Protein chains: 2
Amino acid sequence: MDISKEIRQRREELGISQELLAEVSSLSLRTLKTLESGKGNPTLASIKKLTEVLGLELKIQVKSNEESRSL
Amino acid sequence: MDISKEIRQRREELGISQELLAEVSSLSLRTLKTLESGKGNPTLASIKKLTEVLGLELKIQVKSNEESRSL
DNA sequence: CCTTAAAGTGCTATATGTTGCACCTGTTGT
DNA sequence: ACAACAGGTGCAACATATAGCACTTTAAGG
């Protein structure tokens, strides 16, 4: 799933508003709105601010080879 | 591990130079150098360009509660 | 020694992410 | 209908990521 959608989904699961999330994660409300609506190209720092507050973690790993099997 | 270090490690595993990686991922060599040396704040787009070429995937997931157990 | 390849860095210009403000829409409750 | 709340968006200012260039350092190989 898209990162922006994951963030929105997680925020909604926690039942908090964009305004509150922006405040506690020290990210501007404007930036959060842009990010969640999938229109921006956020910096890693912005994403980390949100993941820390939301209890999410960003992992980078070797891709599982699904498309290799399909050929 | 840090994302910048993961990217460098993966590039070295594949045995390619920064110059080649920058070229095939349509990212400037300057930006890749900055990123790998851990000095920048890359955008999500830059990270995605690299992960796609390197066969890596960026995943965002609920944090496993290690620190909850330690208390 | 010299040459080549790979990586790091200062400088600069350009592109764009971040931010605040104002305003609009849609929803909920009275 | 009106008010309050949550979310989306255009605009402009500021901060900074991206990019190219030149130069340096280090390591490997002749």
# chains A, B, ... in the order shown; residues from 1 in each chain; ligands from 1
>>> interface_residues(of="chain B", to="chain D", cutoff="8 Å", atoms="only C-alpha atoms (C1' of nucleotides)", output="ChimeraX atom specification")
/B:28,30-31,40-43
>>> calpha_fit_and_write(fixed="chain A", moving="chain B", output="mmCIF file with N, CA, C and O atoms, in the first residue's frame")
data_model
loop_
_atom_site.group_PDB
_atom_site.id
_atom_site.type_symbol
_atom_site.label_atom_id
_atom_site.label_comp_id
_atom_site.auth_asym_id
_atom_site.auth_seq_id
_atom_site.Cartn_x
_atom_site.Cartn_y
_atom_site.Cartn_z
ATOM 1 N N MET B 1 0.843 -1.235 -0.058
ATOM 2 C CA MET B 1 -0.004 -0.017 -0.057
ATOM 3 C C MET B 1 0.871 1.235 -0.045
ATOM 4 O O MET B 1 2.004 1.204 0.389
ATOM 5 N N ASP B 2 0.306 2.297 -0.531
ATOM 6 C CA ASP B 2 1.007 3.565 -0.586
ATOM 7 C C ASP B 2 1.285 4.090 0.830
ATOM 8 O O ASP B 2 0.480 3.901 1.735
ATOM 9 N N ILE B 3 2.411 4.724 0.983
ATOM 10 C CA ILE B 3 2.786 5.253 2.297
ATOM 11 C C ILE B 3 1.779 6.284 2.804
ATOM 12 O O ILE B 3 1.399 6.269 3.977
ATOM 13 N N SER B 4 1.324 7.138 1.919
ATOM 14 C CA SER B 4 0.379 8.170 2.343
ATOM 15 C C SER B 4 -0.918 7.539 2.844
ATOM 16 O O SER B 4 -1.511 7.992 3.818
ATOM 17 N N LYS B 5 -1.338 6.469 2.175
ATOM 18 C CA LYS B 5 -2.569 5.812 2.596
ATOM 19 C C LYS B 5 -2.385 5.047 3.894
ATOM 20 O O LYS B 5 -3.294 4.975 4.722
ATOM 21 N N GLU B 6 -1.203 4.482 4.051
ATOM 22 C CA GLU B 6 -0.915 3.767 5.295
ATOM 23 C C GLU B 6 -0.965 4.723 6.479
ATOM 24 O O GLU B 6 -1.479 4.395 7.551
ATOM 25 N N ILE B 7 -0.423 5.911 6.264
ATOM 26 C CA ILE B 7 -0.404 6.897 7.342
ATOM 27 C C ILE B 7 -1.819 7.338 7.687
ATOM 28 O O ILE B 7 -2.194 7.423 8.859
ATOM 29 N N ARG B 8 -2.605 7.594 6.662
ATOM 30 C CA ARG B 8 -3.987 7.999 6.926
ATOM 31 C C ARG B 8 -4.752 6.881 7.640
ATOM 32 O O ARG B 8 -5.474 7.135 8.602
ATOM 33 N N GLN B 9 -4.583 5.678 7.146
ATOM 34 C CA GLN B 9 -5.285 4.556 7.750
ATOM 35 C C GLN B 9 -4.918 4.402 9.225
ATOM 36 O O GLN B 9 -5.791 4.240 10.080
ATOM 37 N N ARG B 10 -3.638 4.505 9.512
ATOM 38 C CA ARG B 10 -3.186 4.361 10.892
ATOM 39 C C ARG B 10 -3.747 5.490 11.765
ATOM 40 O O ARG B 10 -4.189 5.262 12.886
ATOM 41 N N ARG B 11 -3.742 6.702 11.243
ATOM 42 C CA ARG B 11 -4.282 7.833 11.998
ATOM 43 C C ARG B 11 -5.756 7.606 12.307
ATOM 44 O O ARG B 11 -6.217 7.843 13.447
ATOM 45 N N GLU B 12 -6.497 7.126 11.329
ATOM 46 C CA GLU B 12 -7.924 6.897 11.533
ATOM 47 C C GLU B 12 -8.174 5.748 12.513
ATOM 48 O O GLU B 12 -9.122 5.793 13.293
ATOM 49 N N GLU B 13 -7.301 4.750 12.465
ATOM 50 C CA GLU B 13 -7.420 3.661 13.435
ATOM 51 C C GLU B 13 -7.252 4.190 14.850
ATOM 52 O O GLU B 13 -7.925 3.737 15.780
ATOM 53 N N LEU B 14 -6.341 5.134 14.998
ATOM 54 C CA LEU B 14 -6.099 5.708 16.323
ATOM 55 C C LEU B 14 -7.171 6.736 16.686
ATOM 56 O O LEU B 14 -7.207 7.231 17.812
ATOM 57 N N GLY B 15 -8.007 7.079 15.720
ATOM 58 C CA GLY B 15 -9.119 7.991 15.980
ATOM 59 C C GLY B 15 -8.715 9.414 16.296
ATOM 60 O O GLY B 15 -9.367 10.088 17.092
ATOM 61 N N ILE B 16 -7.630 9.886 15.668
ATOM 62 C CA ILE B 16 -7.223 11.270 15.914
ATOM 63 C C ILE B 16 -7.333 12.087 14.636
ATOM 64 O O ILE B 16 -7.314 11.538 13.528
ATOM 65 N N SER B 17 -7.468 13.388 14.796
ATOM 66 C CA SER B 17 -7.634 14.282 13.650
ATOM 67 C C SER B 17 -6.280 14.631 13.045
ATOM 68 O O SER B 17 -5.235 14.453 13.672
ATOM 69 N N GLN B 18 -6.322 15.137 11.824
ATOM 70 C CA GLN B 18 -5.085 15.599 11.189
ATOM 71 C C GLN B 18 -4.460 16.697 12.047
ATOM 72 O O GLN B 18 -3.245 16.768 12.198
ATOM 73 N N GLU B 19 -5.322 17.543 12.583
ATOM 74 C CA GLU B 19 -4.828 18.669 13.377
ATOM 75 C C GLU B 19 -4.022 18.194 14.587
ATOM 76 O O GLU B 19 -2.927 18.696 14.849
ATOM 77 N N LEU B 20 -4.554 17.209 15.295
ATOM 78 C CA LEU B 20 -3.846 16.708 16.473
ATOM 79 C C LEU B 20 -2.550 16.002 16.074
ATOM 80 O O LEU B 20 -1.499 16.217 16.690
ATOM 81 N N LEU B 21 -2.634 15.184 15.042
ATOM 82 C CA LEU B 21 -1.438 14.465 14.610
ATOM 83 C C LEU B 21 -0.337 15.436 14.192
ATOM 84 O O LEU B 21 0.833 15.256 14.553
ATOM 85 N N ALA B 22 -0.729 16.461 13.453
ATOM 86 C CA ALA B 22 0.246 17.460 13.008
ATOM 87 C C ALA B 22 0.919 18.110 14.212
ATOM 88 O O ALA B 22 2.138 18.303 14.236
ATOM 89 N N GLU B 23 0.103 18.406 15.212
ATOM 90 C CA GLU B 23 0.629 19.095 16.389
ATOM 91 C C GLU B 23 1.632 18.230 17.148
ATOM 92 O O GLU B 23 2.752 18.678 17.423
ATOM 93 N N VAL B 24 1.258 16.998 17.469
ATOM 94 C CA VAL B 24 2.152 16.165 18.274
ATOM 95 C C VAL B 24 3.371 15.684 17.498
ATOM 96 O O VAL B 24 4.389 15.343 18.083
ATOM 97 N N SER B 25 3.284 15.691 16.172
ATOM 98 C CA SER B 25 4.447 15.244 15.405
ATOM 99 C C SER B 25 5.277 16.412 14.887
ATOM 100 O O SER B 25 6.219 16.213 14.119
ATOM 101 N N SER B 26 4.940 17.609 15.316
ATOM 102 C CA SER B 26 5.707 18.797 14.920
ATOM 103 C C SER B 26 5.804 18.952 13.412
ATOM 104 O O SER B 26 6.831 19.350 12.880
ATOM 105 N N LEU B 27 4.706 18.604 12.763
ATOM 106 C CA LEU B 27 4.646 18.775 11.314
ATOM 107 C C LEU B 27 3.486 19.732 11.063
ATOM 108 O O LEU B 27 2.488 19.695 11.779
ATOM 109 N N SER B 28 3.611 20.582 10.089
ATOM 110 C CA SER B 28 2.533 21.535 9.861
ATOM 111 C C SER B 28 1.289 20.815 9.344
ATOM 112 O O SER B 28 1.378 19.802 8.658
ATOM 113 N N LEU B 29 0.151 21.367 9.728
ATOM 114 C CA LEU B 29 -1.108 20.779 9.287
ATOM 115 C C LEU B 29 -1.180 20.771 7.763
ATOM 116 O O LEU B 29 -1.639 19.810 7.146
ATOM 117 N N ARG B 30 -0.693 21.849 7.159
ATOM 118 C CA ARG B 30 -0.712 21.954 5.697
ATOM 119 C C ARG B 30 0.054 20.811 5.048
ATOM 120 O O ARG B 30 -0.379 20.224 4.060
ATOM 121 N N THR B 31 1.212 20.520 5.592
ATOM 122 C CA THR B 31 2.047 19.460 5.030
ATOM 123 C C THR B 31 1.402 18.094 5.209
ATOM 124 O O THR B 31 1.433 17.257 4.301
ATOM 125 N N LEU B 32 0.796 17.878 6.367
ATOM 126 C CA LEU B 32 0.133 16.604 6.600
ATOM 127 C C LEU B 32 -1.037 16.408 5.640
ATOM 128 O O LEU B 32 -1.229 15.326 5.088
ATOM 129 N N LYS B 33 -1.802 17.472 5.427
ATOM 130 C CA LYS B 33 -2.935 17.386 4.495
ATOM 131 C C LYS B 33 -2.439 17.021 3.096
ATOM 132 O O LYS B 33 -2.997 16.151 2.425
ATOM 133 N N THR B 34 -1.402 17.706 2.674
ATOM 134 C CA THR B 34 -0.841 17.439 1.342
ATOM 135 C C THR B 34 -0.362 15.997 1.241
ATOM 136 O O THR B 34 -0.624 15.309 0.246
ATOM 137 N N LEU B 35 0.307 15.556 2.280
ATOM 138 C CA LEU B 35 0.853 14.200 2.280
ATOM 139 C C LEU B 35 -0.263 13.153 2.221
ATOM 140 O O LEU B 35 -0.228 12.246 1.402
ATOM 141 N N GLU B 36 -1.246 13.310 3.093
ATOM 142 C CA GLU B 36 -2.306 12.302 3.169
ATOM 143 C C GLU B 36 -3.162 12.259 1.900
ATOM 144 O O GLU B 36 -3.676 11.210 1.539
ATOM 145 N N SER B 37 -3.281 13.390 1.252
ATOM 146 C CA SER B 37 -4.071 13.383 0.026
ATOM 147 C C SER B 37 -3.233 12.917 -1.161
ATOM 148 O O SER B 37 -3.674 12.966 -2.299
ATOM 149 N N GLY B 38 -2.018 12.473 -0.886
ATOM 150 C CA GLY B 38 -1.193 11.838 -1.902
ATOM 151 C C GLY B 38 -0.637 12.769 -2.962
ATOM 152 O O GLY B 38 -0.235 12.332 -4.038
ATOM 153 N N LYS B 39 -0.574 14.054 -2.652
ATOM 154 C CA LYS B 39 -0.152 15.000 -3.681
ATOM 155 C C LYS B 39 1.289 15.442 -3.579
ATOM 156 O O LYS B 39 1.805 16.058 -4.492
ATOM 157 N N GLY B 40 1.913 15.160 -2.479
ATOM 158 C CA GLY B 40 3.259 15.698 -2.285
ATOM 159 C C GLY B 40 4.369 14.702 -2.538
ATOM 160 O O GLY B 40 4.146 13.592 -2.994
ATOM 161 N N ASN B 41 5.546 15.140 -2.277
ATOM 162 C CA ASN B 41 6.733 14.307 -2.346
ATOM 163 C C ASN B 41 7.475 14.558 -1.042
ATOM 164 O O ASN B 41 8.452 15.287 -1.008
ATOM 165 N N PRO B 42 6.974 13.969 0.039
ATOM 166 C CA PRO B 42 7.483 14.317 1.364
ATOM 167 C C PRO B 42 8.944 13.939 1.559
ATOM 168 O O PRO B 42 9.457 13.040 0.887
ATOM 169 N N THR B 43 9.595 14.621 2.465
ATOM 170 C CA THR B 43 10.970 14.284 2.798
ATOM 171 C C THR B 43 10.955 13.146 3.811
ATOM 172 O O THR B 43 9.951 12.905 4.487
ATOM 173 N N LEU B 44 12.089 12.486 3.916
ATOM 174 C CA LEU B 44 12.207 11.385 4.865
ATOM 175 C C LEU B 44 11.949 11.880 6.281
ATOM 176 O O LEU B 44 11.331 11.180 7.094
ATOM 177 N N ALA B 45 12.397 13.073 6.578
ATOM 178 C CA ALA B 45 12.208 13.627 7.918
ATOM 179 C C ALA B 45 10.732 13.774 8.248
ATOM 180 O O ALA B 45 10.301 13.452 9.365
ATOM 181 N N SER B 46 9.949 14.230 7.298
ATOM 182 C CA SER B 46 8.510 14.379 7.532
ATOM 183 C C SER B 46 7.868 13.032 7.800
ATOM 184 O O SER B 46 7.048 12.890 8.711
ATOM 185 N N ILE B 47 8.234 12.047 7.008
ATOM 186 C CA ILE B 47 7.659 10.720 7.187
ATOM 187 C C ILE B 47 8.036 10.152 8.548
ATOM 188 O O ILE B 47 7.206 9.583 9.253
ATOM 189 N N LYS B 48 9.277 10.359 8.948
ATOM 190 C CA LYS B 48 9.729 9.830 10.242
ATOM 191 C C LYS B 48 8.997 10.485 11.407
ATOM 192 O O LYS B 48 8.670 9.826 12.393
ATOM 193 N N LYS B 49 8.751 11.781 11.291
ATOM 194 C CA LYS B 49 8.017 12.469 12.358
ATOM 195 C C LYS B 49 6.676 11.792 12.588
ATOM 196 O O LYS B 49 6.253 11.592 13.724
ATOM 197 N N LEU B 50 6.023 11.441 11.491
ATOM 198 C CA LEU B 50 4.705 10.825 11.593
ATOM 199 C C LEU B 50 4.780 9.388 12.084
ATOM 200 O O LEU B 50 4.016 8.982 12.963
ATOM 201 N N THR B 51 5.694 8.611 11.527
ATOM 202 C CA THR B 51 5.764 7.206 11.918
ATOM 203 C C THR B 51 6.094 7.056 13.400
ATOM 204 O O THR B 51 5.548 6.170 14.059
ATOM 205 N N GLU B 52 6.933 7.922 13.918
ATOM 206 C CA GLU B 52 7.282 7.824 15.333
ATOM 207 C C GLU B 52 6.058 8.018 16.219
ATOM 208 O O GLU B 52 5.832 7.275 17.166
ATOM 209 N N VAL B 53 5.281 9.032 15.878
ATOM 210 C CA VAL B 53 4.098 9.316 16.682
ATOM 211 C C VAL B 53 3.022 8.244 16.498
ATOM 212 O O VAL B 53 2.328 7.878 17.442
ATOM 213 N N LEU B 54 2.927 7.732 15.294
ATOM 214 C CA LEU B 54 1.868 6.770 14.985
ATOM 215 C C LEU B 54 2.223 5.341 15.388
ATOM 216 O O LEU B 54 1.406 4.435 15.238
ATOM 217 N N GLY B 55 3.434 5.153 15.892
ATOM 218 C CA GLY B 55 3.835 3.804 16.257
ATOM 219 C C GLY B 55 4.078 2.936 15.040
ATOM 220 O O GLY B 55 3.867 1.729 15.063
ATOM 221 N N LEU B 56 4.540 3.557 13.989
ATOM 222 C CA LEU B 56 4.860 2.828 12.765
ATOM 223 C C LEU B 56 6.364 2.816 12.587
ATOM 224 O O LEU B 56 7.082 3.631 13.158
ATOM 225 N N GLU B 57 6.851 1.899 11.770
ATOM 226 C CA GLU B 57 8.277 1.903 11.454
ATOM 227 C C GLU B 57 8.454 1.724 9.955
ATOM 228 O O GLU B 57 7.696 1.038 9.294
ATOM 229 N N LEU B 58 9.476 2.401 9.461
ATOM 230 C CA LEU B 58 9.780 2.370 8.044
ATOM 231 C C LEU B 58 10.907 1.374 7.852
ATOM 232 O O LEU B 58 11.980 1.530 8.419
ATOM 233 N N LYS B 59 10.641 0.340 7.082
ATOM 234 C CA LYS B 59 11.685 -0.666 6.876
ATOM 235 C C LYS B 59 12.052 -0.733 5.398
ATOM 236 O O LYS B 59 11.212 -0.592 4.526
ATOM 237 N N ILE B 60 13.330 -0.947 5.158
ATOM 238 C CA ILE B 60 13.788 -1.096 3.783
ATOM 239 C C ILE B 60 14.415 -2.476 3.702
ATOM 240 O O ILE B 60 15.240 -2.842 4.522
ATOM 241 N N GLN B 61 13.960 -3.265 2.756
ATOM 242 C CA GLN B 61 14.421 -4.646 2.690
ATOM 243 C C GLN B 61 14.482 -5.145 1.253
ATOM 244 O O GLN B 61 13.883 -4.550 0.359
ATOM 245 N N VAL B 62 15.211 -6.204 1.070
ATOM 246 C CA VAL B 62 15.313 -6.784 -0.259
ATOM 247 C C VAL B 62 13.934 -7.253 -0.693
ATOM 248 O O VAL B 62 13.223 -7.898 0.078
ATOM 249 N N LYS B 63 13.593 -6.895 -1.906
ATOM 250 C CA LYS B 63 12.260 -7.197 -2.396
ATOM 251 C C LYS B 63 12.053 -8.708 -2.520
ATOM 252 O O LYS B 63 12.930 -9.413 -2.999
ATOM 253 N N SER B 64 10.898 -9.154 -2.061
ATOM 254 C CA SER B 64 10.575 -10.566 -2.232
ATOM 255 C C SER B 64 10.264 -10.784 -3.709
ATOM 256 O O SER B 64 9.586 -9.979 -4.338
ATOM 257 N N ASN B 65 10.762 -11.873 -4.260
ATOM 258 C CA ASN B 65 10.697 -12.047 -5.713
ATOM 259 C C ASN B 65 9.386 -12.671 -6.185
ATOM 260 O O ASN B 65 9.342 -13.822 -6.581
ATOM 261 N N GLU B 66 8.331 -11.888 -6.114
ATOM 262 C CA GLU B 66 7.032 -12.373 -6.594
ATOM 263 C C GLU B 66 6.989 -12.403 -8.116
ATOM 264 O O GLU B 66 6.514 -13.354 -8.711
ATOM 265 N N GLU B 67 7.519 -11.352 -8.712
ATOM 266 C CA GLU B 67 7.419 -11.268 -10.171
ATOM 267 C C GLU B 67 8.368 -12.233 -10.873
ATOM 268 O O GLU B 67 8.187 -12.563 -12.020
ATOM 269 N N SER B 68 9.362 -12.723 -10.146
ATOM 270 C CA SER B 68 10.252 -13.694 -10.753
ATOM 271 C C SER B 68 9.517 -15.013 -10.936
ATOM 272 O O SER B 68 9.707 -15.724 -11.914
ATOM 273 N N ARG B 69 8.627 -15.321 -9.972
ATOM 274 C CA ARG B 69 7.890 -16.577 -10.041
ATOM 275 C C ARG B 69 6.846 -16.536 -11.172
ATOM 276 O O ARG B 69 6.551 -17.567 -11.762
ATOM 277 N N SER B 70 6.329 -15.355 -11.425
ATOM 278 C CA SER B 70 5.224 -15.278 -12.372
ATOM 279 C C SER B 70 5.669 -15.450 -13.817
ATOM 280 O O SER B 70 4.849 -15.616 -14.702
ATOM 281 N N LEU B 71 6.946 -15.439 -14.057
ATOM 282 C CA LEU B 71 7.418 -15.625 -15.440
ATOM 283 C C LEU B 71 7.775 -17.092 -15.710
ATOM 284 O O LEU B 71 8.380 -17.725 -14.869
#
>>> closest_atom_pairs(of="chain C", to="chain A", cutoff="9 Å", atoms="only C-alpha atoms (C1' of nucleotides)", output="Markdown table")
| residue | atom | partner | partner_atom | distance |
| --- | --- | --- | --- | --- |
| C:DG17 | C1' | A:Pro42 | CA | 6.8 |
| C:DT18 | C1' | A:Thr31 | CA | 6.5 |
| C:DT19 | C1' | A:Ser28 | CA | 6.5 |
| C:DG20 | C1' | A:Arg30 | CA | 8.2 |
>>> select_by_dssp(residues="chain B", states="strand (DSSP E)", output="ChimeraX atom specification")
/B:56-62
>>> select_by_dssp(residues="region 8-48 of chain A", states="alpha helix (DSSP H)", output="list in words")
Arg8, Gln9, Arg10, Arg11, Glu12, Glu13, Leu14, Gln18, Glu19, Leu20, Leu21, Ala22, Glu23, Val24, Leu29, Arg30, Thr31, Leu32, Lys33, Thr34, Leu35, Glu36, Leu44, Ala45, Ser46, Ile47 and Lys48 of chain A
>>> decode(residues="region 3-27 of chain C", atoms="N, CA, C and O atoms (P, O5', C5', C4', C3', O3' and C1' of nucleotides)", output="CSV table (one decimal), in the first residue's frame")
chain,number,residue,atom,x,y,z
C,3,DT,P,50.4,10.6,-15.7
C,3,DT,O5',49.3,9.4,-15.6
C,3,DT,C5',49.6,8.1,-16.2
C,3,DT,C4',48.4,7.2,-16.2
C,3,DT,C3',47.1,7.9,-16.3
C,3,DT,O3',46.2,7.2,-17.2
C,3,DT,C1',47.1,6.7,-14.3
C,4,DT,P,44.8,7.8,-17.7
C,4,DT,O5',43.8,6.9,-16.8
C,4,DT,C5',44.0,5.5,-16.7
C,4,DT,C4',43.0,4.9,-15.7
C,4,DT,C3',41.7,5.5,-15.7
C,4,DT,O3',40.7,4.5,-15.9
C,4,DT,C1',42.6,5.4,-13.5
C,5,DA,P,39.1,4.9,-15.8
C,5,DA,O5',38.6,4.4,-14.4
C,5,DA,C5',39.0,3.1,-13.9
C,5,DA,C4',38.5,3.0,-12.5
C,5,DA,C3',37.0,3.4,-12.3
C,5,DA,O3',36.3,2.5,-11.5
C,5,DA,C1',38.5,4.6,-10.8
C,6,DA,P,34.7,2.7,-11.3
C,6,DA,O5',34.6,3.3,-9.8
C,6,DA,C5',35.2,2.5,-8.7
C,6,DA,C4',35.2,3.4,-7.4
C,6,DA,C3',33.8,4.0,-7.2
C,6,DA,O3',33.3,3.6,-5.9
C,6,DA,C1',35.6,5.6,-6.9
C,7,DA,P,31.9,4.0,-5.4
C,7,DA,O5',32.3,5.2,-4.4
C,7,DA,C5',33.2,5.0,-3.4
C,7,DA,C4',33.6,6.3,-2.7
C,7,DA,C3',32.5,7.2,-2.3
C,7,DA,O3',32.7,7.5,-0.9
C,7,DA,C1',34.1,8.4,-3.5
C,8,DG,P,31.5,8.3,-0.1
C,8,DG,O5',32.2,9.7,0.1
C,8,DG,C5',33.4,9.8,0.9
C,8,DG,C4',33.8,11.3,1.0
C,8,DG,C3',32.8,12.3,1.4
C,8,DG,O3',33.3,13.2,2.4
C,8,DG,C1',33.7,13.0,-0.7
C,9,DT,P,32.3,14.2,3.1
C,9,DT,O5',32.6,15.6,2.3
C,9,DT,C5',34.0,16.1,2.2
C,9,DT,C4',34.0,17.4,1.4
C,9,DT,C3',32.9,18.4,1.8
C,9,DT,O3',33.4,19.6,1.9
C,9,DT,C1',33.0,18.1,-0.6
C,10,DG,P,32.6,20.7,2.9
C,10,DG,O5',32.8,22.1,2.0
C,10,DG,C5',34.1,22.5,1.6
C,10,DG,C4',33.9,23.5,0.5
C,10,DG,C3',32.8,24.5,0.7
C,10,DG,O3',33.3,25.8,0.3
C,10,DG,C1',32.5,23.4,-1.3
C,11,DC,P,32.4,27.1,0.5
C,11,DC,O5',31.7,27.4,-0.9
C,11,DC,C5',32.6,27.4,-2.0
C,11,DC,C4',31.8,27.5,-3.3
C,11,DC,C3',30.6,28.4,-3.2
C,11,DC,O3',30.7,29.5,-4.1
C,11,DC,C1',30.1,26.4,-4.3
C,12,DT,P,29.6,30.7,-3.9
C,12,DT,O5',28.5,30.3,-5.1
C,12,DT,C5',28.9,30.1,-6.4
C,12,DT,C4',27.8,29.5,-7.2
C,12,DT,C3',26.4,30.2,-7.0
C,12,DT,O3',26.1,30.8,-8.2
C,12,DT,C1',26.2,27.8,-6.9
C,13,DA,P,24.7,31.7,-8.3
C,13,DA,O5',23.7,30.7,-9.0
C,13,DA,C5',24.1,30.0,-10.2
C,13,DA,C4',23.0,29.1,-10.7
C,13,DA,C3',21.6,29.7,-10.7
C,13,DA,O3',21.0,29.3,-11.9
C,13,DA,C1',21.7,27.8,-9.3
C,14,DT,P,19.5,29.9,-12.2
C,14,DT,O5',18.6,28.7,-11.9
C,14,DT,C5',18.9,27.4,-12.5
C,14,DT,C4',18.0,26.3,-11.9
C,14,DT,C3',16.5,26.6,-11.9
C,14,DT,O3',15.8,25.6,-12.5
C,14,DT,C1',17.2,25.8,-9.8
C,15,DA,P,14.2,25.6,-12.6
C,15,DA,O5',13.7,24.5,-11.6
C,15,DA,C5',14.4,23.2,-11.6
C,15,DA,C4',13.9,22.4,-10.5
C,15,DA,C3',12.4,22.4,-10.3
C,15,DA,O3',11.9,21.0,-10.1
C,15,DA,C1',13.3,23.2,-8.3
C,16,DT,P,10.4,20.7,-9.9
C,16,DT,O5',10.2,20.7,-8.3
C,16,DT,C5',11.1,19.9,-7.6
C,16,DT,C4',10.8,20.2,-6.1
C,16,DT,C3',9.3,20.2,-5.7
C,16,DT,O3',9.2,19.7,-4.4
C,16,DT,C1',10.4,22.1,-4.9
C,17,DG,P,8.2,18.5,-4.1
C,17,DG,O5',8.3,18.3,-2.5
C,17,DG,C5',9.6,18.0,-2.0
C,17,DG,C4',9.8,18.6,-0.6
C,17,DG,C3',8.5,18.5,0.3
C,17,DG,O3',9.0,18.2,1.6
C,17,DG,C1',9.1,20.8,0.0
C,18,DT,P,7.9,18.0,2.8
C,18,DT,O5',7.8,19.4,3.5
C,18,DT,C5',9.0,20.0,4.0
C,18,DT,C4',8.6,21.3,4.7
C,18,DT,C3',7.4,21.3,5.6
C,18,DT,O3',7.7,21.8,6.9
C,18,DT,C1',7.3,23.1,4.1
C,19,DT,P,6.6,21.8,8.1
C,19,DT,O5',6.0,23.2,8.0
C,19,DT,C5',6.8,24.4,8.1
C,19,DT,C4',6.0,25.6,7.8
C,19,DT,C3',4.6,25.7,8.4
C,19,DT,O3',4.6,26.6,9.6
C,19,DT,C1',4.6,26.5,6.2
C,20,DG,P,3.3,26.7,10.5
C,20,DG,O5',2.6,28.0,9.9
C,20,DG,C5',3.3,29.2,9.6
C,20,DG,C4',2.4,30.2,9.0
C,20,DG,C3',1.0,30.4,9.6
C,20,DG,O3',0.7,31.8,9.7
C,20,DG,C1',0.8,29.9,7.2
C,21,DC,P,-0.7,32.2,10.4
C,21,DC,O5',-1.6,32.6,9.2
C,21,DC,C5',-1.2,33.5,8.2
C,21,DC,C4',-2.2,33.6,7.1
C,21,DC,C3',-3.6,33.6,7.6
C,21,DC,O3',-4.3,34.8,7.2
C,21,DC,C1',-3.3,32.1,5.7
C,22,DA,P,-5.8,35.1,7.7
C,22,DA,O5',-6.7,34.8,6.5
C,22,DA,C5',-6.3,35.3,5.2
C,22,DA,C4',-7.1,34.6,4.1
C,22,DA,C3',-8.6,34.5,4.5
C,22,DA,O3',-9.4,35.0,3.4
C,22,DA,C1',-7.7,32.3,3.8
C,23,DC,P,-11.0,35.2,3.6
C,23,DC,O5',-11.6,33.9,2.9
C,23,DC,C5',-11.1,33.6,1.6
C,23,DC,C4',-11.5,32.2,1.1
C,23,DC,C3',-13.0,31.9,1.5
C,23,DC,O3',-13.7,31.6,0.3
C,23,DC,C1',-11.5,30.1,2.0
C,24,DC,P,-15.3,31.3,0.3
C,24,DC,O5',-15.3,29.8,-0.1
C,24,DC,C5',-14.7,29.3,-1.2
C,24,DC,C4',-14.8,27.8,-1.3
C,24,DC,C3',-16.2,27.2,-1.0
C,24,DC,O3',-16.6,26.4,-2.0
C,24,DC,C1',-14.5,26.2,0.4
C,25,DT,P,-18.1,25.8,-2.0
C,25,DT,O5',-17.9,24.3,-1.4
C,25,DT,C5',-16.9,23.5,-2.0
C,25,DT,C4',-16.9,22.2,-1.3
C,25,DT,C3',-18.2,21.6,-1.0
C,25,DT,O3',-18.3,20.3,-1.4
C,25,DT,C1',-16.9,21.7,1.0
C,26,DG,P,-19.7,19.4,-1.4
C,26,DG,O5',-19.6,18.6,-0.1
C,26,DG,C5',-18.5,17.7,0.1
C,26,DG,C4',-18.5,17.1,1.4
C,26,DG,C3',-19.9,16.5,1.8
C,26,DG,O3',-19.8,15.3,2.4
C,26,DG,C1',-19.1,18.0,3.5
C,27,DT,P,-21.1,14.4,2.8
C,27,DT,O5',-21.1,14.4,4.4
C,27,DT,C5',-19.8,14.2,5.0
C,27,DT,C4',-19.9,14.4,6.5
C,27,DT,C3',-21.2,13.9,7.1
C,27,DT,O3',-21.0,13.1,8.2
C,27,DT,C1',-20.8,16.2,7.8
